[in-house]
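Enquirer: My structure is in start01.txt, and what it holds is compact mmCIF, C-alpha atoms and all ligand atoms:
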# COMPACT_ATOMS: atom_id res chain seq x y z
CA MET A 1 13.62 78.69 79.43
CA SER A 2 12.62 79.74 75.98
CA ILE A 3 9.52 80.01 73.89
CA LEU A 4 10.20 77.92 70.80
CA LYS A 5 9.11 78.59 67.24
CA VAL A 6 6.14 76.43 66.24
CA ALA A 7 6.36 74.65 62.87
CA ARG A 8 3.34 75.21 60.66
CA MET A 9 1.68 72.81 58.24
CA GLY A 10 3.87 72.53 55.15
CA HIS A 11 7.11 72.27 57.12
CA PRO A 12 8.58 68.80 56.51
CA VAL A 13 9.39 68.28 60.22
CA LEU A 14 5.64 67.77 60.76
CA ARG A 15 5.52 64.96 58.22
CA GLN A 16 8.28 62.66 59.38
CA LYS A 17 8.27 59.67 61.67
CA CYS A 18 9.96 60.82 64.87
CA GLN A 19 12.90 59.10 66.55
CA VAL A 20 12.54 56.93 69.64
CA ILE A 21 14.21 58.52 72.70
CA ASN A 22 16.68 56.40 74.64
CA PRO A 23 15.09 56.16 78.13
CA LEU A 24 18.53 56.55 79.70
CA THR A 25 18.70 60.11 78.31
CA ILE A 26 15.33 61.27 79.69
CA LYS A 27 16.80 62.73 82.88
CA GLY A 28 19.64 64.38 80.94
CA SER A 29 19.78 68.13 80.47
CA GLU A 30 18.87 68.08 76.77
CA ILE A 31 15.49 66.30 77.17
CA GLN A 32 14.70 68.13 80.43
CA ARG A 33 15.31 71.50 78.75
CA LEU A 34 13.15 70.47 75.79
CA ILE A 35 10.31 69.55 78.17
CA ARG A 36 10.54 72.90 80.01
CA ASP A 37 10.67 74.85 76.75
CA MET A 38 7.71 72.92 75.36
CA PHE A 39 5.66 73.73 78.48
CA GLU A 40 6.53 77.40 78.13
CA THR A 41 5.72 77.37 74.39
CA MET A 42 2.41 75.58 74.94
CA ALA A 43 1.39 78.11 77.63
CA GLU A 44 2.37 81.05 75.41
CA TYR A 45 0.09 79.82 72.63
CA SER A 46 -2.66 78.47 74.95
CA GLY A 47 -2.31 74.94 73.63
CA VAL A 48 -3.89 71.93 75.31
CA GLY A 49 -1.00 69.77 74.11
CA LEU A 50 2.21 69.95 72.12
CA ALA A 51 4.38 67.41 70.32
CA ALA A 52 8.15 67.76 69.94
CA PRO A 53 8.08 67.87 66.11
CA GLN A 54 5.90 70.99 66.39
CA VAL A 55 8.95 72.74 67.84
CA HIS A 56 11.24 71.29 65.16
CA LYS A 57 12.50 68.37 67.31
CA PRO A 58 11.57 65.10 65.57
CA VAL A 59 11.67 62.89 68.69
CA ARG A 60 8.90 60.87 70.35
CA LEU A 61 7.90 63.25 73.13
CA VAL A 62 4.55 64.94 73.71
CA ILE A 63 2.79 66.97 76.37
CA ALA A 64 -0.93 66.21 76.55
CA GLY A 65 -3.63 67.91 78.61
CA GLY A 66 -7.41 68.02 78.54
CA ASP A 67 -7.81 66.84 82.12
CA ALA A 68 -8.15 68.69 85.44
CA ASP A 69 -7.36 68.01 89.08
CA GLU A 70 -9.88 68.12 91.97
CA GLU A 71 -9.61 71.93 92.10
CA GLY A 72 -10.35 72.24 88.40
CA GLN A 73 -6.77 73.20 87.51
CA PRO A 74 -5.65 71.80 84.15
CA THR A 75 -3.26 68.87 84.34
CA TYR A 76 -0.72 67.77 81.75
CA ARG A 77 1.23 64.60 81.17
CA VAL A 78 4.65 64.30 79.59
CA LEU A 79 4.88 61.16 77.46
CA ILE A 80 8.02 59.75 75.93
CA ASN A 81 7.88 56.93 73.35
CA PRO A 82 4.09 56.61 73.87
CA GLU A 83 2.19 53.56 72.64
CA ILE A 84 -1.58 53.74 72.29
CA THR A 85 -3.96 50.78 72.33
CA VAL A 86 -7.58 51.37 71.32
CA LEU A 87 -9.82 49.62 73.85
CA ASN A 88 -13.06 49.84 71.91
CA ASP A 89 -13.04 50.89 68.28
CA GLU A 90 -16.86 51.12 68.18
CA ASP A 91 -16.94 53.77 70.91
CA ARG A 92 -15.97 56.96 69.05
CA LEU A 93 -16.00 60.62 69.97
CA GLY A 94 -16.08 63.47 67.47
CA MET A 95 -15.10 67.09 67.97
CA TYR A 96 -13.74 70.13 66.19
CA GLU A 97 -10.00 69.88 66.62
CA GLY A 98 -7.46 72.63 66.26
CA CYS A 99 -3.67 72.60 66.17
CA LEU A 100 -0.94 75.17 66.85
CA SER A 101 0.68 74.00 63.60
CA VAL A 102 -2.52 74.69 61.64
CA PRO A 103 -3.39 78.09 63.12
CA GLY A 104 -6.82 79.61 62.69
CA LEU A 105 -8.59 76.46 61.51
CA ARG A 106 -10.85 73.84 63.01
CA GLY A 107 -11.95 70.51 61.64
CA TRP A 108 -14.31 67.74 62.69
CA VAL A 109 -12.51 64.51 63.57
CA GLU A 110 -13.84 61.31 65.12
CA ARG A 111 -11.52 59.09 67.16
CA PRO A 112 -11.77 56.19 69.60
CA ALA A 113 -13.01 57.50 72.95
CA HIS A 114 -11.33 54.93 75.20
CA ILE A 115 -7.63 54.12 74.97
CA LYS A 116 -4.77 52.65 76.93
CA VAL A 117 -1.44 54.47 76.92
CA LYS A 118 2.00 53.16 77.79
CA ALA A 119 4.85 55.70 77.95
CA TYR A 120 7.78 56.97 79.96
CA ASN A 121 7.16 60.15 81.93
CA GLU A 122 9.61 63.03 82.50
CA LYS A 123 11.16 61.10 85.43
CA ALA A 124 11.92 58.13 83.15
CA GLN A 125 9.23 56.00 84.84
CA LEU A 126 7.35 53.64 82.55
CA GLN A 127 3.63 54.17 83.09
CA GLU A 128 0.47 52.57 81.81
CA PHE A 129 -3.00 54.09 82.15
CA GLU A 130 -6.38 54.43 80.49
CA LEU A 131 -7.96 57.61 79.16
CA GLU A 132 -11.53 58.36 78.16
CA GLY A 133 -13.23 61.29 76.48
CA PHE A 134 -11.47 64.61 75.81
CA PRO A 135 -8.08 63.64 77.32
CA ALA A 136 -8.10 60.53 75.09
CA ILE A 137 -8.72 62.71 72.03
CA VAL A 138 -5.92 65.13 72.94
CA MET A 139 -3.55 62.22 73.51
CA GLN A 140 -4.28 60.68 70.09
CA HIS A 141 -3.94 64.06 68.36
CA GLU A 142 -0.52 64.64 69.97
CA CYS A 143 0.74 61.10 69.35
CA ASP A 144 -0.33 61.34 65.68
CA HIS A 145 2.24 64.14 65.34
CA LEU A 146 5.00 61.61 66.16
CA ASP A 147 4.10 59.68 63.02
CA GLY A 148 3.82 62.75 60.80
CA VAL A 149 0.02 62.76 60.90
CA LEU A 150 -2.01 65.97 61.29
CA TYR A 151 -5.67 66.13 62.29
CA VAL A 152 -6.50 67.50 58.85
CA ASP A 153 -5.60 64.06 57.44
CA ARG A 154 -8.41 62.58 59.52
CA ILE A 155 -11.20 64.95 58.43
CA GLU A 156 -13.72 62.89 56.49
CA ASP A 157 -16.25 65.63 55.78
CA THR A 158 -14.45 68.74 54.49
CA THR A 159 -17.66 70.79 54.87
CA ARG A 160 -16.79 70.58 58.56
CA PHE A 161 -13.35 72.16 58.09
CA ALA A 162 -13.44 75.89 58.70
CA PHE A 163 -11.66 79.02 59.84
CA GLU A 164 -12.01 79.41 63.58
CA ASP A 165 -14.04 82.64 63.51
CA GLU A 166 -16.44 81.29 60.88
CA ALA A 167 -16.72 78.03 62.81
CA ASP A 168 -17.67 80.03 65.90
CA ARG A 169 -20.40 81.76 63.91
CA TYR A 170 -21.80 78.95 61.80
CA LEU A 171 -20.87 75.62 63.32
CA ASP A 172 -21.87 74.24 66.67
CA LEU A 173 -18.47 73.46 68.15
CA THR A 174 -19.99 71.12 70.71
CA GLY A 175 -20.69 68.79 67.81
CA GLU A 176 -24.45 69.02 67.58
CA GLU A 177 -25.76 69.75 64.12
CA LEU A 178 -27.12 73.29 63.82
CA GLU A 179 -29.93 72.26 61.49
CA ASP A 180 -32.91 70.74 63.20
CA GLU A 181 -33.09 67.30 61.66
CA GLY A 182 -36.45 66.42 63.15
CA THR A 183 -37.33 65.34 66.62
CA ASP A 184 -34.59 64.30 68.95
CA ASP A 185 -36.80 62.38 71.32
CA ASP A 186 -34.90 59.21 70.58
ZN ZN B 201 -1.46 69.40 66.75
So, in terms of structure tokens, how does the structure I just supplied come out?

Expert:
Amino acid sequence: MSILKVARMGHPVLRQKCQVINPLTIKGSEIQRLIRDMFETMAEYSGVGLAAPQVHKPVRLVIAGGDADEEGQPTYRVLINPEITVLNDEDRLGMYEGCLSVPGLRGWVERPAHIKVKAYNEKAQLQEFELEGFPAIVMQHECDHLDGVLYVDRIEDTTRFAFEDEADRYLDLTGEELEDEGTDDD
């Protein structure tokens, strides 16, 4: 296994539309090694997800976390050729996102909170499932990478784009406004 070099914003590999993977090659050594190396790379940099183009491989493969099992241990899904369907565009969730390819920064992004995902897993099984909340946000962030989109493209209010340490000091990362904007009884 190897820890792979992570591409940073500005590298063209992050801005291209990634290639579809032939499902018949998923169980082959090349894709299996890429998956193992991506897991090792993600753990090394404490990521909650990682997309193949972030390690200079422009193919449609991501690892996405944000969920936990019954014992509270983080769980991750491998998704190949993922397709996302938004189930309710009105129901949106905002948070300060970060990205291993945009180190040291955080930005406020709002995305649909409830999605359906269809993808192959690492065993070449086609799966379909729904996600809500944080895991749905992580999934959309990672799948955006496959189309050359970074979270910074989705920031609407650039006053909510900040260096991580300043964000920790001055912004409420849970998403609540720091200023008291009156009563919050309703
Ligand atoms: Zn990212």

Enquirer: Using only C-alpha atoms and all ligand atoms, which residue out of A:Arg154, A:His145, A:Lys27, A:Lys57 lies closest to ligand ZN 201 (chain B)?

Expert: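 Looking only at the distances to ligand ZN 201 (chain B), the closest residue turns out to be A:His145.
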
Enquirer: Report as a PDB file with C-alpha atoms, in the coordinates of the input which protein, DNA and RNA residues come within 7 Å of ligand ZN 201 (chain B), using only C-alpha atoms and all ligand atoms.

Expert:
ATOM      1  CA  LEU A  50       2.210  69.950  72.120  1.00  0.00           C
ATOM      2  CA  GLY A  98      -7.460  72.630  66.260  1.00  0.00           C
ATOM      3  CA  CYS A  99      -3.670  72.600  66.170  1.00  0.00           C
ATOM      4  CA  LEU A 100      -0.940  75.170  66.850  1.00  0.00           C
ATOM      5  CA  SER A 101       0.680  74.000  63.600  1.00  0.00           C
ATOM      6  CA  HIS A 141      -3.940  64.060  68.360  1.00  0.00           C
ATOM      7  CA  GLU A 142      -0.520  64.640  69.970  1.00  0.00           C
ATOM      8  CA  HIS A 145       2.240  64.140  65.340  1.00  0.00           C
ATOM      9  CA  LEU A 150      -2.010  65.970  61.290  1.00  0.00           C
ATOM     10  CA  TYR A 151      -5.670  66.130  62.290  1.00  0.00           C
TER      11      TYR A 151
END

Enquirer: Looking at A:Gly49, A:Arg106, A:Asp144, A:Val55, which one is nearest to A:Thr75, with distances taken over all atoms listed in the file?

Expert: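 Among the listed residues, A:Gly49 lies closest to A:Thr75.
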
Enquirer: Excluding A:Met9 and any residue of its chain fewer than 2 positions from it, enumerate the residues within 8 Å of it, using only C-alpha atoms, and give them as a list of chain:residue names.

Expert: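 Once the adjacent positions are removed, what remains is A:Ala7, A:His11, A:Leu14, A:Ser101, A:Val102.
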
Enquirer: Write the residues you've just listed into a file as a PDB file, in the coordinates of the input, and include C-alpha atoms for each of them.

Expert:
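Result went into selection_6.pdb, see below:
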ATOM      1  CA  ALA A   7       6.360  74.650  62.870  1.00  0.00           C
ATOM      2  CA  HIS A  11       7.110  72.270  57.120  1.00  0.00           C
ATOM      3  CA  LEU A  14       5.640  67.770  60.760  1.00  0.00           C
ATOM      4  CA  SER A 101       0.680  74.000  63.600  1.00  0.00           C
ATOM      5  CA  VAL A 102      -2.520  74.690  61.640  1.00  0.00           C
TER       6      VAL A 102
END

Enquirer: Neighbouring residues of A:Ala124 were defined as those with any atom within 10 Å, considering only C-alpha atoms; residues of the same chain fewer than 5 positions away were excluded. Please report them as an MDAnalysis selection string.

Expert: chainID A and resid 22:27 79:80 119

Enquirer: Using atom CA of A:Gln19 and atom CA of A:Gln54 as the two end points, give the distance in Å to one decimal.

Expert: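 Taking atom CA of A:Gln19 as the start and atom CA of A:Gln54 as the end point, the length is 13.8 Å.
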
Enquirer: How far is it from atom CA of A:Gln32 to atom CA of A:Val13, in Å with one decimal?

Expert: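 Separating atom CA of A:Gln32 from atom CA of A:Val13 is a distance of 20.9 Å.
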
Enquirer: For the atom pair atom CA of A:Glu90 and atom CA of A:Asp153, what is the interatomic distance in Å to one decimal place?

Expert: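 Those two atoms sit 20.2 Å apart.
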
Enquirer: Find, counting only C-alpha atoms, the residue in A:Val86, A:Val6, A:Leu171, A:Val78 that gets nearest to A:Ile35.

Expert: A:Val78

Enquirer: Excluding A:Ala52 and its own-chain neighbours fewer than 3 positions away, which residues fall within 9 Å of it when counting all atoms listed in the file? Please give them as a CSV table (one decimal) with C-alpha atoms, keeping the file's coordinate frame.

Expert:
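Listed below is the output, part_0.csv:
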chain,number,residue,atom,x,y,z
A,18,CYS,CA,10.0,60.8,64.9
A,34,LEU,CA,13.2,70.5,75.8
A,35,ILE,CA,10.3,69.6,78.2
A,38,MET,CA,7.7,72.9,75.4
A,55,VAL,CA,9.0,72.7,67.8
A,56,HIS,CA,11.2,71.3,65.2
A,57,LYS,CA,12.5,68.4,67.3
A,58,PRO,CA,11.6,65.1,65.6
A,59,VAL,CA,11.7,62.9,68.7
A,60,ARG,CA,8.9,60.9,70.4
A,61,LEU,CA,7.9,63.2,73.1
A,62,VAL,CA,4.6,64.9,73.7
A,63,ILE,CA,2.8,67.0,76.4
A,145,HIS,CA,2.2,64.1,65.3
A,146,LEU,CA,5.0,61.6,66.2

Enquirer: Using all atoms listed in the file, pick whichever of A:Ala64, A:Leu93, A:Val152, A:Val117 has the shortest atom-to-atom distance to A:Pro135.

Expert: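 Answer, going by the shortest atom-to-atom distance: A:Ala64.
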
Enquirer: Using only C-alpha atoms, determine which residues lie at most 9 Å from A:Thr85, disregarding the query and same-chain residues fewer than 2 positions distant; provide the list as a list of chain:residue names.

Expert: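 Final neighbour list, sorted by chain and number: A:Glu83, A:Leu87, A:His114, A:Ile115, A:Lys116, A:Val117, A:Lys118.
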
Enquirer: For A:Leu126, which residue out of A:Pro82, A:Asp147, A:Gly28, A:Glu71 is the nearest one, using only C-alpha atoms?

Expert: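 Distance minimum relative to A:Leu126 lands on A:Pro82.
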
Enquirer: Counting all atoms listed in the file, which of A:Gly72, A:Pro12, A:Pro103, A:Gly94 gets nearest to A:Glu156?

Expert: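 The closest residue to A:Glu156 is A:Gly94.
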
Enquirer: Box in all listed atoms of stretch 91-103 of chain A, axis-aligned, with 3 Å more on each side; write out centre and edge lengths in Å to one decimal as AutoDock Vina command-line options.

Expert:
--center_x -8.1 --center_y 65.9 --center_z 66.3 --size_x 23.6 --size_y 30.3 --size_z 15.3
